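> The structure is given below, and queries will be raised subsequently.
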Amino acid sequence: MRTQDFRSLPAAAQVDIRRKAVQAVLDGKTRSEVAIIFGVTRKAVEKWVAAYQAEGAKALLANPRGRPRGGSLEPWQASQIVRSITDRCPDQVKLPFMLWTREAVAMLIQKRFRISLSVWTTGRYLAKWGFTPQKPVRRAYERNPQEVARWMKERYPRIKYRAKAEGGTIFWGDETGLRSDHAFGRTYAKKGQTPVVPGTGQRFGCNMISAITNKGHLAFMVYKTKFNGGVLINFMRRLIKQQNDRKVFLIIDSHPTHRSGRVRRWVAKNRRSLSVFYLPGYSPELNPDELLNQDVKANALGRKRARDQKELIKNVRGFLRRKQKRPEKVRNYFLEKHVRYAA
């Protein structure tokens with residue numbers, strides 16, 4: 001039996017064929033047999049069966065014909081969409097997206113109100129509602145919001161009060177790895193002609209540990225070895241020496257090395273000169289020194305490609321020394337909204 005143009009049939013006839021075809025499959029016939037019986041393609045039968053299994057009999061009903069209804073949402077409909085975008089991620093409302101793109105929002109509107117909008121119309125709605133495309137901040141599932149709130153309201157204010165009372169200086173510290181194959185940004189080129197940037201095929205790197213204050217002070221150490229307790233202790237010893245008689249209040253994350261027995265014993269032995277505090281777990285956005293790490297990778301690595309490890313270390317040290325001479329640049333890290341509380 002030849003297949004027919006299913007779209008030429010009346011809506012009621014289409015619904016009837018869908019129902020009978022699905023029922024035939026449920027009764028035991030193969031999809032190929034059903035396709036031959038009703039004069040449709042096997043792919044169409046598979047689509048109907050999948051829709052029925054996912055959403056039930058309502059999935060077999062005919063969609064409205066003619067131009068898709070769209071172009072305007074009622075105020076109450078717009079309010080629901082805005083609330084969903086603000087409060088949830090796409091996968092939480094059963095959409096196959098990780099981020100709220102125009103396509104994702106258009107699909108949400110279609111799913112919820114059966115209103116079809118183009119991505120351009122959806123984009124105009126998003127602009128009207130005050131949404132702009134932004135790079136999201138990565139958040140770990142393990143992050144504890146209650147711990148973060150306690151840090152902001154209780155723990156950090158106490159550290160700040162204690163540092164002031166004891167005449168100390170609060171440092172925010174972190175370490176990072178730097179590699180020669182770090183991905184850099186974009187460059188202009190003729191359309192369709194992928195630009196080529198020459199560089200060494202060798203892979204090499206170094207490590208960096210640093211600490212900054214909201215007054216613009218920057219201390220750093222670039223090294224070739226792996227990060228361990230000895231490196232951290234050496235860096236803390238340098239901090240104490242630089243501060244003369246002022247006590248160092250060092251805030252770092254909960255890296256296992258930071259909490260190792262060797263480091264704890266050394267900190268306890270030098271408690272008159274230094275105290276160490278730990279940020280809530282999985283919350284790097286609370287540490288201003290993370291912004292220095294990003295700056296180094298974007299500008300010390302991304303703008304000038306090193307030929308060997310020696311040149312890489314030289315570039316990084318030169319960049320950081322220039323930062324040390326411009327304390328206002330360091331203070332600017334504390335203007336980012338997630339770390340403004342530490343300014």
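Identifiers in the structure tokens: chain A, B, ... in order shown; residue index from 1 per chain; ligand index from 1 in order shown.
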Among the residues of segment 88-250 of chain A, find those DSSP assigns to alpha helix (DSSP H) from the backbone and print them as a count of residues only.
52
> For Ala78 of chain A, find every residue with an atom within 10 Å (counting only C-alpha atoms), except residues of its own chain fewer than 6 positions away, and show them as a list in words.
Ser72, Ser84, Ile109, Tyr125, Leu126 and Trp129 of chain A
> Just list the residues in segment 112-305 of chain A DSSP gives strand (DSSP E) on the backbone, as a ChimeraX atom specification.
/A:169-179,205-212,218-223,248-252,274-278
> For the selection you just gave me, I'd like the residues written to a file as an mmCIF file, in the first residue's frame, keeping C-alpha atoms.

data_model
loop_
_atom_site.group_PDB
_atom_site.id
_atom_site.type_symbol
_atom_site.label_atom_id
_atom_site.label_comp_id
_atom_site.auth_asym_id
_atom_site.auth_seq_id
_atom_site.Cartn_x
_atom_site.Cartn_y
_atom_site.Cartn_z
ATOM 1 C CA THR A 169 45.934 42.527 58.431
ATOM 2 C CA ILE A 170 43.460 40.258 56.645
ATOM 3 C CA PHE A 171 44.921 38.420 53.652
ATOM 4 C CA TRP A 172 42.908 36.357 51.162
ATOM 5 C CA GLY A 173 45.054 33.544 49.799
ATOM 6 C CA ASP A 174 44.848 30.915 47.078
ATOM 7 C CA GLU A 175 47.038 28.874 44.745
ATOM 8 C CA THR A 176 46.649 27.894 41.099
ATOM 9 C CA GLY A 177 48.422 26.007 38.337
ATOM 10 C CA LEU A 178 49.569 27.756 35.156
ATOM 11 C CA ARG A 179 50.084 25.853 31.898
ATOM 12 C CA GLY A 205 53.868 24.979 33.468
ATOM 13 C CA CYS A 206 54.439 26.355 36.927
ATOM 14 C CA ASN A 207 52.430 27.033 40.060
ATOM 15 C CA MET A 208 51.561 30.196 41.895
ATOM 16 C CA ILE A 209 50.444 30.999 45.437
ATOM 17 C CA SER A 210 49.292 34.500 46.314
ATOM 18 C CA ALA A 211 47.493 36.599 48.908
ATOM 19 C CA ILE A 212 45.862 40.028 48.629
ATOM 20 C CA LEU A 218 49.795 41.712 46.959
ATOM 21 C CA ALA A 219 52.187 38.939 48.016
ATOM 22 C CA PHE A 220 53.001 36.045 45.696
ATOM 23 C CA MET A 221 55.348 33.148 45.100
ATOM 24 C CA VAL A 222 55.887 31.357 41.761
ATOM 25 C CA TYR A 223 57.424 27.877 41.967
ATOM 26 C CA VAL A 248 48.531 38.097 59.649
ATOM 27 C CA PHE A 249 44.943 36.860 59.411
ATOM 28 C CA LEU A 250 44.999 34.499 56.430
ATOM 29 C CA ILE A 251 41.722 33.341 54.850
ATOM 30 C CA ILE A 252 42.013 30.335 52.518
ATOM 31 C CA LEU A 274 49.441 34.326 62.188
ATOM 32 C CA SER A 275 45.924 32.926 62.335
ATOM 33 C CA VAL A 276 44.348 30.852 59.568
ATOM 34 C CA PHE A 277 40.631 30.740 58.720
ATOM 35 C CA TYR A 278 38.803 28.570 56.202
#
> What separation in Å, quoted to one decimal, exists between atom CA of Phe319 of chain A and atom CA of Leu232 of chain A?
21.5 Å
> Contacts of Lys58 of chain A at 12 Å or less, counting only C-alpha atoms, minus same-chain residues fewer than 5 places along, as a PyMOL selection string?
chain A and resi 15+18-19+48+51-53+63
> Let's have the selection written as a PDB file, in the first residue's frame, with C-alpha atoms.

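Output (part-v3.pdb):
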ATOM      1  CA  VAL A  15      -6.301  11.938  15.087  1.00  0.00           C
ATOM      2  CA  ARG A  18      -2.953   8.062  15.107  1.00  0.00           C
ATOM      3  CA  ARG A  19      -5.177   6.408  17.710  1.00  0.00           C
ATOM      4  CA  TRP A  48       3.156   8.483  17.631  1.00  0.00           C
ATOM      5  CA  ALA A  51       4.481  10.459  22.157  1.00  0.00           C
ATOM      6  CA  TYR A  52       1.692   8.264  23.554  1.00  0.00           C
ATOM      7  CA  GLN A  53       4.054   6.537  25.966  1.00  0.00           C
ATOM      8  CA  ASN A  63      -2.296  20.819  16.923  1.00  0.00           C
TER       9      ASN A  63
END
> Would you kindly return, as a list in words, each protein, DNA or RNA residue with an atom no farther than 10 Å from any atom of Asn228 of chain A, considering only C-alpha atoms and excluding same-chain residues fewer than 5 positions away?
Ile233, Pro256, Thr257, His258, Ser260, Arg262 and Val263 of chain A
> For segment 279-295 of chain A, find every residue with an atom within 9 Å (counting only C-alpha atoms), except residues of its own chain fewer than 3 positions away, and show them as a VMD selection string.
chain A and resid 137 to 144 147 to 148 151 172 to 176 208 210 to 214 251 to 255 298 to 300 330 333 to 334 336 338 to 342
> Would you mind exporting the chosen residues as a compact mmCIF listing (two decimals), in the first residue's frame, restricted to N, CA and C atoms?

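Dumped to selection_34.txt:
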# COMPACT_ATOMS: atom_id res chain seq x y z
N VAL A 137 28.03 31.88 36.84
CA VAL A 137 29.01 31.49 37.84
C VAL A 137 28.81 30.02 38.16
N ARG A 138 29.90 29.26 38.13
CA ARG A 138 29.80 27.83 38.40
C ARG A 138 29.61 27.60 39.89
N ARG A 139 28.61 26.80 40.25
CA ARG A 139 28.35 26.46 41.65
C ARG A 139 28.30 24.95 41.80
N ALA A 140 29.02 24.44 42.76
CA ALA A 140 29.03 23.00 43.00
C ALA A 140 27.76 22.57 43.73
N TYR A 141 27.29 21.36 43.40
CA TYR A 141 26.12 20.82 44.09
C TYR A 141 26.38 20.69 45.59
N GLU A 142 27.66 20.45 45.94
CA GLU A 142 28.01 20.22 47.35
C GLU A 142 28.02 21.51 48.17
N ARG A 143 27.90 22.63 47.52
CA ARG A 143 27.94 23.91 48.24
C ARG A 143 26.78 23.99 49.24
N ASN A 144 27.10 24.44 50.46
CA ASN A 144 26.09 24.50 51.53
C ASN A 144 25.66 25.96 51.72
N GLU A 147 25.98 27.34 55.28
CA GLU A 147 27.34 27.66 55.68
C GLU A 147 27.80 28.98 55.09
N VAL A 148 27.42 29.23 53.83
CA VAL A 148 27.77 30.49 53.19
C VAL A 148 27.12 31.66 53.92
N TRP A 151 28.87 32.29 57.13
CA TRP A 151 30.15 32.96 56.89
C TRP A 151 29.94 34.46 56.72
N TRP A 172 43.70 37.39 51.84
CA TRP A 172 42.91 36.36 51.16
C TRP A 172 43.87 35.59 50.26
N GLY A 173 44.05 34.31 50.52
CA GLY A 173 45.05 33.54 49.80
C GLY A 173 44.47 32.43 48.95
N ASP A 174 45.25 32.03 47.94
CA ASP A 174 44.85 30.91 47.08
C ASP A 174 46.06 30.51 46.24
N GLU A 175 45.99 29.32 45.64
CA GLU A 175 47.04 28.87 44.75
C GLU A 175 46.40 28.35 43.46
N THR A 176 47.17 28.35 42.38
CA THR A 176 46.65 27.89 41.10
C THR A 176 47.79 27.37 40.25
N MET A 208 51.53 28.88 41.26
CA MET A 208 51.56 30.20 41.90
C MET A 208 50.72 30.17 43.16
N SER A 210 49.36 33.05 46.12
CA SER A 210 49.29 34.50 46.31
C SER A 210 48.33 34.83 47.44
N ALA A 211 48.40 36.08 47.88
CA ALA A 211 47.49 36.60 48.91
C ALA A 211 47.35 38.10 48.69
N ILE A 212 46.12 38.61 48.84
CA ILE A 212 45.86 40.03 48.63
C ILE A 212 45.05 40.59 49.80
N THR A 213 45.12 41.91 49.95
CA THR A 213 44.32 42.60 50.97
C THR A 213 43.44 43.63 50.28
N ASN A 214 42.40 44.07 50.97
CA ASN A 214 41.51 45.07 50.39
C ASN A 214 42.14 46.46 50.36
N ILE A 251 42.96 34.05 55.19
CA ILE A 251 41.72 33.34 54.85
C ILE A 251 41.97 32.54 53.57
N ILE A 252 41.79 31.23 53.65
CA ILE A 252 42.01 30.33 52.52
C ILE A 252 40.88 29.31 52.44
N ASP A 253 40.87 28.50 51.37
CA ASP A 253 39.83 27.49 51.26
C ASP A 253 40.22 26.23 52.04
N SER A 254 39.40 25.20 51.91
CA SER A 254 39.60 23.99 52.72
C SER A 254 40.35 22.90 51.97
N HIS A 255 41.29 23.28 51.15
CA HIS A 255 42.13 22.31 50.44
C HIS A 255 42.78 21.37 51.48
N ALA A 298 44.34 35.12 32.12
CA ALA A 298 43.86 35.82 30.94
C ALA A 298 44.90 36.74 30.33
N ASN A 299 45.73 37.37 31.17
CA ASN A 299 46.63 38.41 30.68
C ASN A 299 48.11 38.04 30.73
N ALA A 300 48.53 37.31 31.76
CA ALA A 300 49.95 36.91 31.80
C ALA A 300 50.19 35.72 30.88
N VAL A 330 44.67 46.10 42.45
CA VAL A 330 44.36 44.99 43.37
C VAL A 330 43.06 45.28 44.12
N TYR A 333 39.69 44.23 42.54
CA TYR A 333 39.17 42.87 42.64
C TYR A 333 38.04 42.79 43.67
N PHE A 334 38.11 43.63 44.68
CA PHE A 334 37.12 43.59 45.77
C PHE A 334 35.82 44.30 45.39
N GLU A 336 34.02 43.30 42.77
CA GLU A 336 33.14 42.30 42.18
C GLU A 336 32.05 41.95 43.19
N HIS A 338 30.37 39.42 44.29
CA HIS A 338 30.39 38.29 45.21
C HIS A 338 31.41 38.48 46.35
N VAL A 339 32.38 39.39 46.16
CA VAL A 339 33.40 39.60 47.20
C VAL A 339 33.37 41.02 47.74
N ARG A 340 32.35 41.77 47.38
CA ARG A 340 32.27 43.16 47.83
C ARG A 340 32.16 43.24 49.35
N TYR A 341 31.68 42.17 49.97
CA TYR A 341 31.55 42.18 51.43
C TYR A 341 32.91 42.31 52.11
N ALA A 342 34.00 41.95 51.40
CA ALA A 342 35.33 42.00 51.98
C ALA A 342 36.08 43.28 51.66
> Between atom CA of Val49 of chain A and atom CA of Val22 of chain A, measure the distance and give it in Å to one decimal.
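Distance between the two atoms: 5.7 Å.
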